[in-house]
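Read through the structure below, which is laid out as structure tokens, and then see the notes.
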Amino acid sequence: MQNALSVDVEDWFQVGAFETVIDRKDWDSLECRVERNTDAVMALFDEAAIKATFFTLGWVAQRYPALIRRIADAGHEIGSHGYGHERVFTLTPDQFAANIERARKLLEDASGEKVTGYRAPSFSIDQRTPWAHEILADQGYLYSSSVAPVKHDHYGWAEAPRFAFRPIEGSDFLEIPVTTAELGSKRLAAGGGGFFRLLPYAFSKWAIRQVNERDNRPAVIYFHPWEIDPEQPRVTNAPIKSRLRHYTKLDAMADKLRRLPQDFHWERLDSVVAREQARLA
């Protein structure tokens with residue numbers, strides 16, 4: 001089974017956990033570590049001969065176009081993560097359309113490649129934003145991986161399907177949710193990020209194996225470049241829950257990532273999308 005590995009390219013100060021304590025207008029004055037961390041992620045992937053999808057902020061592409069070109073030249077897929085990590089449900093439909101159009105132009109100009117995939121910041125496409133998929137399709141995107149079909153205090157659409165589905169009637173546009181597992185009647189978040197970093201590796205291995213072997217579906221796993229950077233600055237005025245989630249086990253993340261290709265096969269998300277389109281045809 002070929003699974004999809006993806007990276008949400010944003011810097012340490014742009015995460016949802018810190019959005020109430022770090023002002024956007026201060027972003028350019030903070031220490032940017034996204035370039036060095038993303039290069040380190042690509043080095044990890046090179047070790048294992050992995051090609052992945054990098055859902056990247058337009059804000060990053062605007063400031064580091066050479067990084068975007070390096071990602072593309074290494075054979076990875078460039079996807080859009082929106083412009084400035086604005087959650088979809090905080091935008092009007094017109095604002096969302098302008099946001100993703102701006103980000104896409106920056107990413108395509110920097111990479112020299114067409115961008116066909118999108119991931120919403122903080123998985124913020126849910127029951128409040130039924131219009132978002134249609135806007136993405138209207139702009140020529142082929143797929144989104146923006147739904148977390150779980151209950152969570154920051155995001156989640158618990159009623160959404162667990163696996164690839166077509167959210168627009170009569171359209172081939174696909175939504176590819178991040179991975180969840182099942183334990184009895186409970187649906188568990190198992191798509192990567194903090195869950196992968198904070199929980200024992202054995203949990204992720206069990207979850208991916210369940211999806212591959214029991215459900216016969218590919219897993220969709222994600223993480224962020226800042227998650228392999230234990231030396232990043234500390235945000236001391238953030239809520240303690242946010243700090244614990246963000247900083248715990250940063251020093252263990254790289255070694256955990258190295259274990260994934262030992263146990264499973266990984267590829268770009270657009271390759272998984274192509275197979276899912278054929279399956280749903």
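Each chain in the structure tokens gets a letter, A, B, ..., in the order shown, and its residues are numbered from 1; ligands are numbered from 1 in order too.
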Quick one: residues within 10 Å of Thr90 (chain A), only C-alpha atoms counted, chain neighbours fewer than 5 positions away excluded, as a short mmCIF file (atom, residue, chain, number, x, y, z; two decimals) with N, CA and C atoms, in the first residue's frame?
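Now in selection_1.cif:
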```cif
data_model
loop_
_atom_site.label_atom_id
_atom_site.label_comp_id
_atom_site.auth_asym_id
_atom_site.auth_seq_id
_atom_site.Cartn_x
_atom_site.Cartn_y
_atom_site.Cartn_z
N GLN A 95 -13.28 36.53 0.44
CA GLN A 95 -11.94 36.62 1.03
C GLN A 95 -11.16 35.32 0.83
N PHE A 96 -11.85 34.20 0.99
CA PHE A 96 -11.20 32.91 0.77
C PHE A 96 -10.73 32.77 -0.68
N SER A 124 -9.39 23.64 8.57
CA SER A 124 -10.53 24.50 8.88
C SER A 124 -11.62 24.50 7.82
N ARG A 128 -19.08 24.44 8.74
CA ARG A 128 -19.35 25.88 8.64
C ARG A 128 -19.00 26.46 7.29
N THR A 129 -18.26 25.73 6.46
CA THR A 129 -17.76 26.29 5.21
C THR A 129 -18.12 25.40 4.01
#
```
Quick one: everything within 12 Å of region 201-218 of chain A, counting only C-alpha atoms, minus sequence neighbours fewer than 6 positions away in the same chain. Send it as a compact mmCIF listing (two decimals) with C-alpha atoms, in the first residue's frame.
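Dumped everything to result-v3.txt:
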```txt
# COMPACT_ATOMS: atom_id res chain seq x y z
CA MET A 1 0.00 0.00 0.00
CA GLN A 2 1.32 3.42 -0.99
CA ASN A 3 0.55 6.05 1.64
CA ALA A 4 0.71 9.84 1.34
CA LEU A 5 3.23 11.84 3.34
CA ARG A 162 -12.95 8.98 6.90
CA PHE A 163 -11.67 8.39 3.39
CA ALA A 164 -11.63 10.11 -0.01
CA ILE A 176 -8.82 13.46 1.04
CA PRO A 177 -9.19 13.58 4.84
CA VAL A 178 -6.21 13.04 7.10
CA THR A 179 -6.00 9.62 8.70
CA THR A 180 -8.12 8.45 11.58
CA ALA A 181 -8.27 5.05 13.26
CA GLU A 182 -11.07 3.27 15.03
CA LEU A 183 -11.09 1.69 18.46
CA ARG A 187 -12.77 7.49 16.02
CA LEU A 188 -9.22 8.51 16.86
CA ALA A 189 -7.07 11.23 15.29
CA ALA A 190 -4.01 9.52 13.82
CA GLY A 191 -3.00 11.73 10.91
CA GLY A 192 0.33 12.94 12.22
CA GLY A 193 1.37 16.33 13.58
CA GLY A 194 1.12 16.56 17.32
CA PHE A 195 -0.54 13.15 17.60
CA LYS A 249 9.10 15.93 22.17
CA ALA A 252 12.28 13.03 19.22
CA MET A 253 10.44 13.90 16.03
CA ALA A 254 13.19 13.40 13.45
CA ASP A 255 13.98 9.89 14.68
CA LYS A 256 10.27 9.01 14.62
CA LEU A 257 10.03 10.21 11.04
CA ARG A 258 12.96 8.01 10.08
CA ARG A 259 10.99 4.99 11.27
CA LEU A 260 8.04 5.60 8.94
CA PRO A 261 9.78 4.44 5.72
CA GLN A 262 11.07 1.36 7.52
CA ASP A 263 7.51 0.20 8.14
CA PHE A 264 5.44 1.68 5.29
CA HIS A 265 5.64 2.97 1.72
CA TRP A 266 5.16 6.70 1.05
CA GLU A 267 4.57 8.96 -1.93
CA ARG A 268 3.16 12.32 -3.02
CA LEU A 269 -0.48 13.03 -2.31
CA SER A 271 -0.36 10.10 -6.76
CA VAL A 272 -2.79 8.88 -4.11
CA VAL A 273 -5.42 11.25 -5.52
CA ARG A 275 -5.66 6.25 -7.65
CA GLU A 276 -8.61 7.39 -5.54
CA ARG A 279 -11.41 3.89 -7.52
```
Between CA of Pro121 (chain A) and CA of Glu47 (chain A), what distance in Å does the model show, to one decimal?
28.2 Å
Where does DSSP see helix (DSSP H, G or I) in region 4-250 of chain A, if you list the residues as an NGL selection string?
:A and (12-14 or 16-18 or 24-29 or 34-48 or 58-63 or 65-73 or 88-90 or 93-111 or 121-123 or 132-138 or 193-198 or 201-214 or 225-228 or 240-247 or 250)
Identify which of the residues A:Asp8, A:Glu175, A:Asp109, A:Asp270 lies closest to Ile221 (chain A), counting only C-alpha atoms when measuring atom-to-atom distances.
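So, comparing all the options, the nearest one is A:Asp8.
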Identify which of the residues A:Ile50, A:Val15, A:Ala98, A:Ile22 lies closest to Leu136 (chain A), counting only C-alpha atoms when measuring atom-to-atom distances.
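Comparing A:Ile50, A:Val15, A:Ala98, A:Ile22 against Leu136 (chain A), the winner is A:Ala98.
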Backbone-only DSSP, strand (DSSP E) members of region 87-247 of chain A, as a PyMOL selection string:
chain A and resi 117-118+143-144+174-175+180-183+186-189+220-223
For those residues, write N, CA and C atoms to a file as an mmCIF file, in the first residue's frame.
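Writing done, so here's selection_30.cif:
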```
data_model
loop_
_atom_site.group_PDB
_atom_site.id
_atom_site.type_symbol
_atom_site.label_atom_id
_atom_site.label_comp_id
_atom_site.auth_asym_id
_atom_site.auth_seq_id
_atom_site.Cartn_x
_atom_site.Cartn_y
_atom_site.Cartn_z
ATOM 1 N N GLY A 117 -3.329 21.039 -5.531
ATOM 2 C CA GLY A 117 -3.790 20.562 -4.235
ATOM 3 C C GLY A 117 -3.783 21.652 -3.191
ATOM 4 N N TYR A 118 -4.668 21.538 -2.214
ATOM 5 C CA TYR A 118 -4.819 22.557 -1.164
ATOM 6 C C TYR A 118 -5.056 21.874 0.173
ATOM 7 N N TYR A 143 -7.926 18.757 -5.878
ATOM 8 C CA TYR A 143 -8.217 18.090 -4.605
ATOM 9 C C TYR A 143 -7.879 18.991 -3.422
ATOM 10 N N SER A 144 -8.461 18.609 -2.298
ATOM 11 C CA SER A 144 -8.170 19.236 -1.010
ATOM 12 C C SER A 144 -7.883 18.123 -0.015
ATOM 13 N N LEU A 174 -11.881 16.111 -5.373
ATOM 14 C CA LEU A 174 -11.791 15.174 -4.251
ATOM 15 C C LEU A 174 -11.394 15.874 -2.956
ATOM 16 N N GLU A 175 -11.957 15.404 -1.871
ATOM 17 C CA GLU A 175 -11.460 15.722 -0.529
ATOM 18 C C GLU A 175 -10.810 14.460 0.010
ATOM 19 N N THR A 180 -7.569 8.775 10.262
ATOM 20 C CA THR A 180 -8.116 8.451 11.577
ATOM 21 C C THR A 180 -8.100 6.936 11.727
ATOM 22 N N ALA A 181 -8.152 6.486 12.971
ATOM 23 C CA ALA A 181 -8.270 5.054 13.256
ATOM 24 C C ALA A 181 -9.522 4.833 14.092
ATOM 25 N N GLU A 182 -9.900 3.594 14.236
ATOM 26 C CA GLU A 182 -11.074 3.265 15.028
ATOM 27 C C GLU A 182 -10.709 2.299 16.139
ATOM 28 N N LEU A 183 -11.239 2.573 17.310
ATOM 29 C CA LEU A 183 -11.090 1.690 18.463
ATOM 30 C C LEU A 183 -12.473 1.499 19.051
ATOM 31 N N LYS A 186 -15.112 4.387 18.888
ATOM 32 C CA LYS A 186 -14.430 5.679 18.912
ATOM 33 C C LYS A 186 -13.587 5.872 17.658
ATOM 34 N N ARG A 187 -13.627 7.090 17.128
ATOM 35 C CA ARG A 187 -12.773 7.489 16.017
ATOM 36 C C ARG A 187 -11.621 8.313 16.580
ATOM 37 N N LEU A 188 -10.401 7.898 16.275
ATOM 38 C CA LEU A 188 -9.216 8.509 16.864
ATOM 39 C C LEU A 188 -8.410 9.259 15.818
ATOM 40 N N ALA A 189 -7.965 10.475 16.162
ATOM 41 C CA ALA A 189 -7.067 11.227 15.287
ATOM 42 C C ALA A 189 -5.729 10.493 15.210
ATOM 43 N N VAL A 220 -2.979 9.057 5.175
ATOM 44 C CA VAL A 220 -2.556 10.417 4.831
ATOM 45 C C VAL A 220 -1.996 11.043 6.103
ATOM 46 N N ILE A 221 -0.690 11.224 6.133
ATOM 47 C CA ILE A 221 0.012 11.687 7.326
ATOM 48 C C ILE A 221 0.644 13.050 7.041
ATOM 49 N N TYR A 222 0.667 13.913 8.057
ATOM 50 C CA TYR A 222 1.261 15.237 7.891
ATOM 51 C C TYR A 222 2.106 15.597 9.106
ATOM 52 N N PHE A 223 2.990 16.560 8.933
ATOM 53 C CA PHE A 223 3.695 17.186 10.042
ATOM 54 C C PHE A 223 4.198 18.538 9.554
#
```
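With CA of Arg24 (chain A) on one side and CA of Pro230 (chain A) on the other, the separation reads 22.9 Å.
Here CA of Thr20 (chain A) stands at a distance of 13.3 Å from CA of Lys241 (chain A).
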Taking only C-alpha atoms into account, which of A:Trp27, A:Phe196, A:Trp131, A:Phe55 comes nearest Leu91 (chain A)?
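Answer, going by the shortest atom-to-atom distance: A:Trp131.
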Counting only C-alpha atoms, the residue of A:Ile68, A:Ser122, A:Ala110, A:Leu44 that sits nearest Gly82 (chain A):
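Among the listed residues, A:Ser122 lies closest to Gly82 (chain A).
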Exercise: Asp126 (chain A) partners within 10 Å, only C-alpha atoms, chain neighbours under 2 positions left out, as a list in words
Val88, Phe89, Phe123, Ser124, Arg128, Thr129, Pro130, Trp131, Ala132, Ser146, Val147, Ala148, Pro149, Tyr155, Gly156, Trp157, Ala158, Glu159 and Ala160 of chain A
Please, could you write that set of residues out with N, CA and C atoms as an mmCIF file, in the first residue's frame?
```
data_model
loop_
_atom_site.group_PDB
_atom_site.id
_atom_site.type_symbol
_atom_site.label_atom_id
_atom_site.label_comp_id
_atom_site.auth_asym_id
_atom_site.auth_seq_id
_atom_site.Cartn_x
_atom_site.Cartn_y
_atom_site.Cartn_z
ATOM 1 N N VAL A 88 -10.146 28.953 7.419
ATOM 2 C CA VAL A 88 -11.159 29.189 6.393
ATOM 3 C C VAL A 88 -12.431 29.763 6.989
ATOM 4 N N PHE A 89 -12.856 29.283 8.151
ATOM 5 C CA PHE A 89 -14.119 29.745 8.710
ATOM 6 C C PHE A 89 -14.060 31.164 9.276
ATOM 7 N N PHE A 123 -6.884 22.545 9.350
ATOM 8 C CA PHE A 123 -7.974 21.689 8.874
ATOM 9 C C PHE A 123 -9.329 22.382 9.051
ATOM 10 N N SER A 124 -9.388 23.638 8.569
ATOM 11 C CA SER A 124 -10.527 24.502 8.878
ATOM 12 C C SER A 124 -11.621 24.500 7.819
ATOM 13 N N ARG A 128 -19.082 24.437 8.736
ATOM 14 C CA ARG A 128 -19.349 25.878 8.641
ATOM 15 C C ARG A 128 -18.998 26.464 7.287
ATOM 16 N N THR A 129 -18.258 25.726 6.461
ATOM 17 C CA THR A 129 -17.755 26.287 5.207
ATOM 18 C C THR A 129 -18.119 25.396 4.014
ATOM 19 N N PRO A 130 -19.408 25.166 3.786
ATOM 20 C CA PRO A 130 -19.794 24.280 2.674
ATOM 21 C C PRO A 130 -19.430 24.843 1.309
ATOM 22 N N TRP A 131 -19.128 26.128 1.257
ATOM 23 C CA TRP A 131 -18.792 26.792 -0.007
ATOM 24 C C TRP A 131 -17.322 26.650 -0.386
ATOM 25 N N ALA A 132 -16.453 26.242 0.534
ATOM 26 C CA ALA A 132 -15.010 26.278 0.277
ATOM 27 C C ALA A 132 -14.601 25.314 -0.838
ATOM 28 N N SER A 146 -8.144 18.821 3.567
ATOM 29 C CA SER A 146 -8.405 19.880 4.548
ATOM 30 C C SER A 146 -9.371 19.483 5.647
ATOM 31 N N VAL A 147 -9.818 18.240 5.637
ATOM 32 C CA VAL A 147 -10.812 17.791 6.606
ATOM 33 C C VAL A 147 -10.169 16.823 7.595
ATOM 34 N N ALA A 148 -10.381 17.093 8.877
ATOM 35 C CA ALA A 148 -10.013 16.150 9.938
ATOM 36 C C ALA A 148 -11.325 15.586 10.482
ATOM 37 N N PRO A 149 -11.673 14.354 10.133
ATOM 38 C CA PRO A 149 -12.980 13.811 10.505
ATOM 39 C C PRO A 149 -13.034 13.311 11.946
ATOM 40 N N TYR A 155 -10.256 22.035 15.928
ATOM 41 C CA TYR A 155 -10.763 21.789 14.586
ATOM 42 C C TYR A 155 -11.500 20.466 14.582
ATOM 43 N N GLY A 156 -12.048 20.124 13.431
ATOM 44 C CA GLY A 156 -12.655 18.808 13.283
ATOM 45 C C GLY A 156 -14.048 18.864 12.677
ATOM 46 N N TRP A 157 -14.344 17.853 11.872
ATOM 47 C CA TRP A 157 -15.658 17.668 11.247
ATOM 48 C C TRP A 157 -15.984 16.200 11.450
ATOM 49 N N ALA A 158 -16.505 15.888 12.624
ATOM 50 C CA ALA A 158 -16.649 14.489 13.053
ATOM 51 C C ALA A 158 -17.581 13.691 12.156
ATOM 52 N N GLU A 159 -18.505 14.365 11.462
ATOM 53 C CA GLU A 159 -19.476 13.650 10.638
ATOM 54 C C GLU A 159 -18.953 13.366 9.228
ATOM 55 N N ALA A 160 -17.800 13.903 8.888
ATOM 56 C CA ALA A 160 -17.266 13.732 7.536
ATOM 57 C C ALA A 160 -16.797 12.293 7.312
#
```
From the list A:His152, A:Arg63, A:Arg197, A:His81, which residue is nearest Asp28 (chain A) when using only C-alpha atoms?
A:Arg63
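Nearest to His154 (chain A) of all the residues A:Arg234, A:Arg70, A:Arg36, A:Arg87 is A:Arg87, counting only C-alpha atoms.
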